[in-house]
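**Student:** Structure in structure tokens, see below.
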Protein chains: 2
Amino acid sequence: MTDLPATNLVMLTLVKPEGELEVFFERRPMPEPKAHEVLVKVLATPINPSDLGLLFGGADMTTARAATRDGLPVVTADIPPQGMRAMASRVGDALPIGNEGCGLVVKAGDSPEAQALLGRTVALLGGEMYAEYRCLPVQMCMPLPDGTDPKDGASCFVNPLTSLAFTETMRMEGHSAIVHTAAASNLGQMLVKICAKDGIPLVNIVRSAAQVEILKGLGAKHIVNSSDDDFMDRLIAAITETGATLGFDAIGGGKLAGQILSAMEAAAVKRMTNYSRYGSDSFKQVYIYGGLDMGPTVLNRSFGFAWSLSGFLLTPFMQKAGAEVVGRMRQRVADELTTTFKSHYSHDISLVDTLSLDAVAAYNAKRTGEKYLIRPHG
Amino acid sequence: MTDLPATNLVMLTLVKPEGELEVFFERRPMPEPKAHEVLVKVLATPINPSDLGLLFGGADMTTARAATRDGLPVVTADIPPQGMRAMASRVGDALPIGNEGCGLVVKAGDSPEAQALLGRTVALLGGEMYAEYRCLPVQMCMPLPDGTDPKDGASCFVNPLTSLAFTETMRMEGHSAIVHTAAASNLGQMLVKICAKDGIPLVNIVRSAAQVEILKGLGAKHIVNSSDDDFMDRLIAAITETGATLGFDAIGGGKLAGQILSAMEAAAVKRMTNYSRYGSDSFKQVYIYGGLDMGPTVLNRSFGFAWSLSGFLLTPFMQKAGAEVVGRMRQRVADELTTTFKSHYSHDISLVDTLSLDAVAAYNAKRTGEKYLIRPHG
């Protein structure tokens, strides 16, 4: 534990007042853990869509260009006016990136809690993971069993807790089945496994035959392909069979969220005995929790008036759900880390290569089945 | 009270299985009130946007054509497939129309409550008002002061209770100011008066200079014209000043609902001290309560994740709010019928003329400032 370098390489994202985004590296002094802190050597940290929101924000990445500073890559891109409006409060602040990760505790503060983690492999939540080292409080670490592959510990929080939050939301809001989009994603695969275990009917919407096969391989029962000509008929049939009145949409843009509401309404209307000009009184809720398509959401409102389309974020959900629910969710993630909550990565990449233009274009496309894992120490 | 005709002329709307809408009249036997019922001679009944939803539903009214049957007009129009889907449960049922109205009690059942209403002018809620006479239970009548002009009693329920429901919703859901669209409508004018009396900051969105003048004449403080080039800037300024995080949108289609959410977010971001990639944590709610524009709702989601867009209907609101709140709302309508809740009509029309093609085209355009009052007895 004595061979620590003097500096720590950290990735930063900066919005400049003149309407330019700059993502770059900085060598900072190696942090020294305080009593209740540990210093973690970051071994694996995933690129989640939510990280990309901070990394590139409202910049127009078709204008991205590469440069070098102190031998390290710099990516620059233009920010259109609406992007500047949305990012007004971060102008001039170089922000670190990376929601979660996994690493080895290489130095610990004086407290017994910190000392107990020395040498342990831990999962981390708390930002600033796109770095060689991360110093953070003990309570932001979740110790993993000895011998855990850092790859298995890298995504312990965002996807696992979000997918569990969907089923918790279902119960809290009185629904009995779920519709999910981009359902072949890492998160979607976790949700398939959770719902199978818990006996929750789940309608999986994907957009290719290959994705249908992925989910069939997991034993998913209801899979609907939005590229099929009879998509709406199949969606209505699956929703009729499951009784789903709750949806979670990772895509955001386009017509899909509205199509889900329309299909829920069509299923509800079938159950009605009397016509109402206002549509069914079956309450339909769709949450948008991602922005795989940043284009406009288009709602063809053929679903009456008993509906709601809302944003969904994990952190406010956990605040609302309370400590007991969150504790239960975390315990389940730890218990089922290499089964239900196993993540799959298509690419390993070094920290520095993360800012090559080719890599940026590839992971920023957010293709289902492609997921990047940063390995700061190879 | 002995000169009642033997039949009662009633307007009906029918969806035929072959995809055709037919609106027509039928002469039905004059109803005989049961013990707790009264027979009311309908003197005035308004055409509300919510009535048009039932009257013409999902039909394509550009295909409307006129005919005559038994000397009375018939309007026919084609229904596109998506309209048939939405109206599946009403196919083959000829439905009466007309949510509310005002009339004279000309015959009463044997119960004392019914007898007490004989000869009284009453406001009516309960459908089937587009008729010469309406027989209905006593509790669906609200007796009006002697000498009330039927015009003043025709719209006692839908607009007054809906506008009051907006302010009740504001309090129930913890907001402190309201944004309203199509704000120069009859309902909008009521809302301006309610908010002025109750000290509720109200941002009025209209789309013409003439409408700005109407609301100025009522003393409205915040009026924003969506036709102005600097609409978004003015909307953000008004929302910043009022702190509105709740909106009610009568239009539904187009970008406006999303623009309101964006403006609320811009106002919230100004109050933030730290940047968040997920936007502000200020919860923003817009309710769509009408469909003046039946086109798609287009959301440019530049408003983070703390938002909800929902349908709003009066009846479920009243069920949720409970008897005490509804009783208070009704009492206020009765107390302020000729002041706060006075409606304005641009056109009086006979029952039979309501189905002339010219009239259909005119009132179905739902132009602000134009409101039709049906006078079944001239």
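Simple scheme: letters A, B, ... for chains in structure tokens order, numbers from 1 for residues in each chain, numbers from 1 for ligands in the order shown.
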With a cut-off of 6 Å and counting only C-alpha atoms, select all residues of chain B in contact with chain A and give the selection as an mmCIF file with N, CA and C atoms, in the first residue's frame.

**Tutor:**
data_model
loop_
_atom_site.group_PDB
_atom_site.id
_atom_site.type_symbol
_atom_site.label_atom_id
_atom_site.label_comp_id
_atom_site.auth_asym_id
_atom_site.auth_seq_id
_atom_site.Cartn_x
_atom_site.Cartn_y
_atom_site.Cartn_z
ATOM 1 N N LEU B 54 -68.663 14.226 -27.226
ATOM 2 C CA LEU B 54 -69.659 13.155 -27.370
ATOM 3 C C LEU B 54 -70.402 13.286 -28.701
ATOM 4 N N SER B 89 -66.825 1.114 -27.890
ATOM 5 C CA SER B 89 -67.852 0.681 -26.938
ATOM 6 C C SER B 89 -69.168 1.447 -27.101
ATOM 7 N N ARG B 90 -69.256 2.403 -28.045
ATOM 8 C CA ARG B 90 -70.537 3.087 -28.246
ATOM 9 C C ARG B 90 -71.174 2.735 -29.588
ATOM 10 N N TYR B 275 -25.537 22.862 -9.952
ATOM 11 C CA TYR B 275 -26.004 22.227 -11.176
ATOM 12 C C TYR B 275 -26.355 20.770 -10.926
ATOM 13 N N ARG B 277 -27.384 17.400 -13.453
ATOM 14 C CA ARG B 277 -27.616 16.927 -14.818
ATOM 15 C C ARG B 277 -29.074 16.549 -15.024
ATOM 16 N N PRO B 296 -51.421 15.988 -32.042
ATOM 17 C CA PRO B 296 -50.528 15.413 -31.040
ATOM 18 C C PRO B 296 -49.930 16.459 -30.096
ATOM 19 N N THR B 297 -49.714 16.049 -28.864
ATOM 20 C CA THR B 297 -48.989 16.854 -27.889
ATOM 21 C C THR B 297 -47.501 16.607 -28.121
ATOM 22 N N VAL B 298 -46.733 17.682 -28.271
ATOM 23 C CA VAL B 298 -45.304 17.550 -28.574
ATOM 24 C C VAL B 298 -44.492 18.143 -27.426
ATOM 25 N N LEU B 299 -43.736 17.282 -26.758
ATOM 26 C CA LEU B 299 -42.948 17.714 -25.599
ATOM 27 C C LEU B 299 -41.472 17.732 -25.950
ATOM 28 N N ASN B 300 -40.858 18.910 -25.970
ATOM 29 C CA ASN B 300 -39.409 18.987 -26.042
ATOM 30 C C ASN B 300 -38.909 18.953 -24.603
ATOM 31 N N PHE B 305 -36.441 15.836 -14.802
ATOM 32 C CA PHE B 305 -37.224 14.620 -14.553
ATOM 33 C C PHE B 305 -38.294 14.818 -13.482
ATOM 34 N N ALA B 306 -38.360 16.006 -12.879
ATOM 35 C CA ALA B 306 -39.347 16.236 -11.820
ATOM 36 C C ALA B 306 -40.580 16.910 -12.417
ATOM 37 N N TRP B 307 -41.337 16.138 -13.179
ATOM 38 C CA TRP B 307 -42.500 16.707 -13.859
ATOM 39 C C TRP B 307 -43.544 15.630 -14.094
ATOM 40 N N SER B 308 -44.749 16.104 -14.340
ATOM 41 C CA SER B 308 -45.836 15.203 -14.690
ATOM 42 C C SER B 308 -46.803 15.954 -15.589
ATOM 43 N N LEU B 309 -47.240 15.262 -16.617
ATOM 44 C CA LEU B 309 -48.286 15.767 -17.510
ATOM 45 C C LEU B 309 -49.424 14.770 -17.412
ATOM 46 N N SER B 310 -50.628 15.249 -17.088
ATOM 47 C CA SER B 310 -51.717 14.318 -16.798
ATOM 48 C C SER B 310 -53.012 14.820 -17.396
ATOM 49 N N GLY B 311 -53.957 13.904 -17.552
ATOM 50 C CA GLY B 311 -55.311 14.304 -17.911
ATOM 51 C C GLY B 311 -56.047 14.787 -16.668
ATOM 52 N N PHE B 312 -57.026 15.676 -16.882
ATOM 53 C CA PHE B 312 -57.809 16.182 -15.758
ATOM 54 C C PHE B 312 -59.280 16.171 -16.146
#

**Student:** Quick one: pick out all strand (DSSP E) residues within range 32-187 of chain A from a backbone DSSP run and write them as a PyMOL selection string.

**Tutor:** chain A and resi 37-46+60-69+72-78+95-96+100-108+121-125+133-137+141-143+178-180

**Student:** Of the candidates B:Ser111, B:Gln211, B:Thr315, B:Thr62, which shows the shortest atom-to-atom distance to Thr162 in chain B, using only C-alpha atoms?

**Tutor:** B:Thr315

**Student:** Identify all residues of range 162-301 of chain A in alpha helix (DSSP H) (DSSP on the backbone) and supply them as a PyMOL selection string.

**Tutor:** chain A and resi 162-172+186-198+209-217+231-242+256-271

**Student:** Using only C-alpha atoms, which residues sit within 12 Å of Thr68 in chain A once same-chain residues fewer than 3 positions away are excluded, as a count of residues only?

**Tutor:** 15

**Student:** List the spatial neighbours of Arg375 in chain B as a PyMOL selection string - criterion: any atom at most 9 Å away, only C-alpha atoms, same-chain residues fewer than 3 positions off excluded.

**Tutor:** chain B and resi 42-46+132+348-351+378

**Student:** Based on the selection just made, write N, CA, C and O atoms of those residues as a PDB file, in the first residue's frame.

**Tutor:**
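Here's the written file part.pdb:
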ATOM      1  N   VAL B  42     -86.675  22.559 -20.934  1.00  0.00           N
ATOM      2  CA  VAL B  42     -85.309  23.077 -21.091  1.00  0.00           C
ATOM      3  C   VAL B  42     -85.351  24.411 -21.834  1.00  0.00           C
ATOM      4  O   VAL B  42     -85.786  24.473 -22.985  1.00  0.00           O
ATOM      5  N   LEU B  43     -84.895  25.477 -21.183  1.00  0.00           N
ATOM      6  CA  LEU B  43     -84.970  26.814 -21.786  1.00  0.00           C
ATOM      7  C   LEU B  43     -83.626  27.273 -22.343  1.00  0.00           C
ATOM      8  O   LEU B  43     -83.584  28.113 -23.241  1.00  0.00           O
ATOM      9  N   ALA B  44     -82.538  26.744 -21.821  1.00  0.00           N
ATOM     10  CA  ALA B  44     -81.209  27.166 -22.298  1.00  0.00           C
ATOM     11  C   ALA B  44     -80.200  26.084 -21.942  1.00  0.00           C
ATOM     12  O   ALA B  44     -80.172  25.606 -20.806  1.00  0.00           O
ATOM     13  N   THR B  45     -79.387  25.697 -22.930  1.00  0.00           N
ATOM     14  CA  THR B  45     -78.347  24.688 -22.681  1.00  0.00           C
ATOM     15  C   THR B  45     -77.141  25.014 -23.559  1.00  0.00           C
ATOM     16  O   THR B  45     -77.284  25.233 -24.761  1.00  0.00           O
ATOM     17  N   PRO B  46     -75.963  25.126 -22.955  1.00  0.00           N
ATOM     18  CA  PRO B  46     -74.786  25.584 -23.710  1.00  0.00           C
ATOM     19  C   PRO B  46     -74.121  24.459 -24.501  1.00  0.00           C
ATOM     20  O   PRO B  46     -74.281  23.285 -24.157  1.00  0.00           O
ATOM     21  N   GLU B 132     -86.230  19.112 -25.795  1.00  0.00           N
ATOM     22  CA  GLU B 132     -87.224  20.108 -25.367  1.00  0.00           C
ATOM     23  C   GLU B 132     -87.535  19.973 -23.882  1.00  0.00           C
ATOM     24  O   GLU B 132     -87.752  20.967 -23.186  1.00  0.00           O
ATOM     25  N   ASP B 348     -77.246  32.717 -29.871  1.00  0.00           N
ATOM     26  CA  ASP B 348     -78.386  31.896 -29.465  1.00  0.00           C
ATOM     27  C   ASP B 348     -78.837  31.110 -30.687  1.00  0.00           C
ATOM     28  O   ASP B 348     -78.796  31.617 -31.814  1.00  0.00           O
ATOM     29  N   ILE B 349     -79.252  29.866 -30.471  1.00  0.00           N
ATOM     30  CA  ILE B 349     -79.596  29.019 -31.603  1.00  0.00           C
ATOM     31  C   ILE B 349     -80.746  28.100 -31.179  1.00  0.00           C
ATOM     32  O   ILE B 349     -80.850  27.737 -30.003  1.00  0.00           O
ATOM     33  N   SER B 350     -81.626  27.764 -32.134  1.00  0.00           N
ATOM     34  CA  SER B 350     -82.722  26.850 -31.783  1.00  0.00           C
ATOM     35  C   SER B 350     -82.204  25.417 -31.776  1.00  0.00           C
ATOM     36  O   SER B 350     -81.126  25.129 -32.311  1.00  0.00           O
ATOM     37  N   LEU B 351     -82.964  24.520 -31.195  1.00  0.00           N
ATOM     38  CA  LEU B 351     -82.538  23.120 -31.116  1.00  0.00           C
ATOM     39  C   LEU B 351     -82.344  22.533 -32.513  1.00  0.00           C
ATOM     40  O   LEU B 351     -81.324  21.883 -32.794  1.00  0.00           O
ATOM     41  N   GLY B 378     -87.013  28.704 -28.102  1.00  0.00           N
ATOM     42  CA  GLY B 378     -86.883  30.043 -28.685  1.00  0.00           C
ATOM     43  C   GLY B 378     -86.466  31.084 -27.668  1.00  0.00           C
ATOM     44  O   GLY B 378     -86.355  30.822 -26.491  1.00  0.00           O
TER      45      GLY B 378
END

**Student:** Excluding Asn225 in chain A and its own-chain neighbours fewer than 3 positions away, which residues fall within 8 Å of it when counting only C-alpha atoms? Please give them as a list of chain:residue names.

**Tutor:**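 Neighbouring residues, sequence-local ones excluded: A:Ile205, A:Val206, A:Arg207, A:Ser208, A:Ala209, A:Val212, A:Asp228, A:Phe231.
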
**Student:** Within 7 Å of Pro143 in chain B, counting only C-alpha atoms, which residues qualify if same-chain residues fewer than 2 places away don't, as a PyMOL selection string?

**Tutor:** chain B and resi 120-123+141+145

**Student:** Any idea what's packed within 10 Å of His344 in chain B, counting only C-alpha atoms, ignoring anything in its chain fewer than 3 positions away? Could you give it as a list of chain:residue names?

**Tutor:**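 Counting only C-alpha atoms, the residues come to B:Lys151, B:Asp152, B:Ser155, B:Ser185, B:Asn186, B:Gln189, B:Phe341, B:His347, B:Gly369, B:Glu370, B:Lys371, B:Tyr372, B:Leu373.
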
**Student:** How would the residues just chosen look if you wrote them out with N, CA and C atoms as a PDB file, in the first residue's frame?

**Tutor:**
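Wrote it out as out-v4.pdb, contents follow:
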ATOM      1  N   LYS B 151     -80.506  32.125 -19.262  1.00  0.00           N
ATOM      2  CA  LYS B 151     -79.155  32.289 -19.800  1.00  0.00           C
ATOM      3  C   LYS B 151     -78.113  32.264 -18.679  1.00  0.00           C
ATOM      4  N   ASP B 152     -78.454  32.896 -17.556  1.00  0.00           N
ATOM      5  CA  ASP B 152     -77.513  32.926 -16.432  1.00  0.00           C
ATOM      6  C   ASP B 152     -77.437  31.585 -15.713  1.00  0.00           C
ATOM      7  N   SER B 155     -75.142  27.538 -17.480  1.00  0.00           N
ATOM      8  CA  SER B 155     -73.777  26.996 -17.333  1.00  0.00           C
ATOM      9  C   SER B 155     -73.333  27.036 -15.881  1.00  0.00           C
ATOM     10  N   SER B 185     -61.174  32.290 -22.430  1.00  0.00           N
ATOM     11  CA  SER B 185     -62.427  31.532 -22.534  1.00  0.00           C
ATOM     12  C   SER B 185     -63.364  31.907 -21.393  1.00  0.00           C
ATOM     13  N   ASN B 186     -64.616  31.468 -21.500  1.00  0.00           N
ATOM     14  CA  ASN B 186     -65.558  31.676 -20.395  1.00  0.00           C
ATOM     15  C   ASN B 186     -64.980  31.133 -19.094  1.00  0.00           C
ATOM     16  N   GLN B 189     -62.096  33.326 -17.870  1.00  0.00           N
ATOM     17  CA  GLN B 189     -62.534  34.572 -17.237  1.00  0.00           C
ATOM     18  C   GLN B 189     -63.016  34.307 -15.807  1.00  0.00           C
ATOM     19  N   PHE B 341     -69.229  33.894 -11.870  1.00  0.00           N
ATOM     20  CA  PHE B 341     -69.506  32.756 -12.747  1.00  0.00           C
ATOM     21  C   PHE B 341     -70.450  33.101 -13.897  1.00  0.00           C
ATOM     22  N   HIS B 347     -73.812  33.500 -29.517  1.00  0.00           N
ATOM     23  CA  HIS B 347     -74.905  33.099 -30.403  1.00  0.00           C
ATOM     24  C   HIS B 347     -75.985  32.335 -29.646  1.00  0.00           C
ATOM     25  N   GLY B 369     -64.146  33.196 -27.432  1.00  0.00           N
ATOM     26  CA  GLY B 369     -65.026  34.343 -27.599  1.00  0.00           C
ATOM     27  C   GLY B 369     -66.327  33.976 -28.287  1.00  0.00           C
ATOM     28  N   GLU B 370     -66.376  32.792 -28.887  1.00  0.00           N
ATOM     29  CA  GLU B 370     -67.625  32.346 -29.505  1.00  0.00           C
ATOM     30  C   GLU B 370     -68.189  31.206 -28.680  1.00  0.00           C
ATOM     31  N   LYS B 371     -69.371  31.394 -28.179  1.00  0.00           N
ATOM     32  CA  LYS B 371     -70.015  30.325 -27.407  1.00  0.00           C
ATOM     33  C   LYS B 371     -71.485  30.289 -27.768  1.00  0.00           C
ATOM     34  N   TYR B 372     -71.981  29.097 -28.012  1.00  0.00           N
ATOM     35  CA  TYR B 372     -73.351  28.911 -28.478  1.00  0.00           C
ATOM     36  C   TYR B 372     -74.257  28.466 -27.334  1.00  0.00           C
ATOM     37  N   LEU B 373     -75.451  29.061 -27.302  1.00  0.00           N
ATOM     38  CA  LEU B 373     -76.464  28.685 -26.324  1.00  0.00           C
ATOM     39  C   LEU B 373     -77.682  28.173 -27.080  1.00  0.00           C
TER      40      LEU B 373
END

**Student:** As an exercise, work out the distance from CA of Lys197 in chain A to CA of Gly153 in chain A in Å and give it to one decimal place.

**Tutor:** 21.7 Å

**Student:** Report the distance between CA of Gly119 in chain B and CA of Pro33 in chain B in Å, rounded to one decimal place.

**Tutor:** 14.5 Å

**Student:** When you count only C-alpha atoms, which of these residues is closest to Val179 in chain B: B:Ala114, B:Asp230, B:Glu128, B:Ala263?

**Tutor:**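 Going through B:Ala114, B:Asp230, B:Glu128, B:Ala263 one by one, the smallest distance to Val179 in chain B is for B:Ala263.
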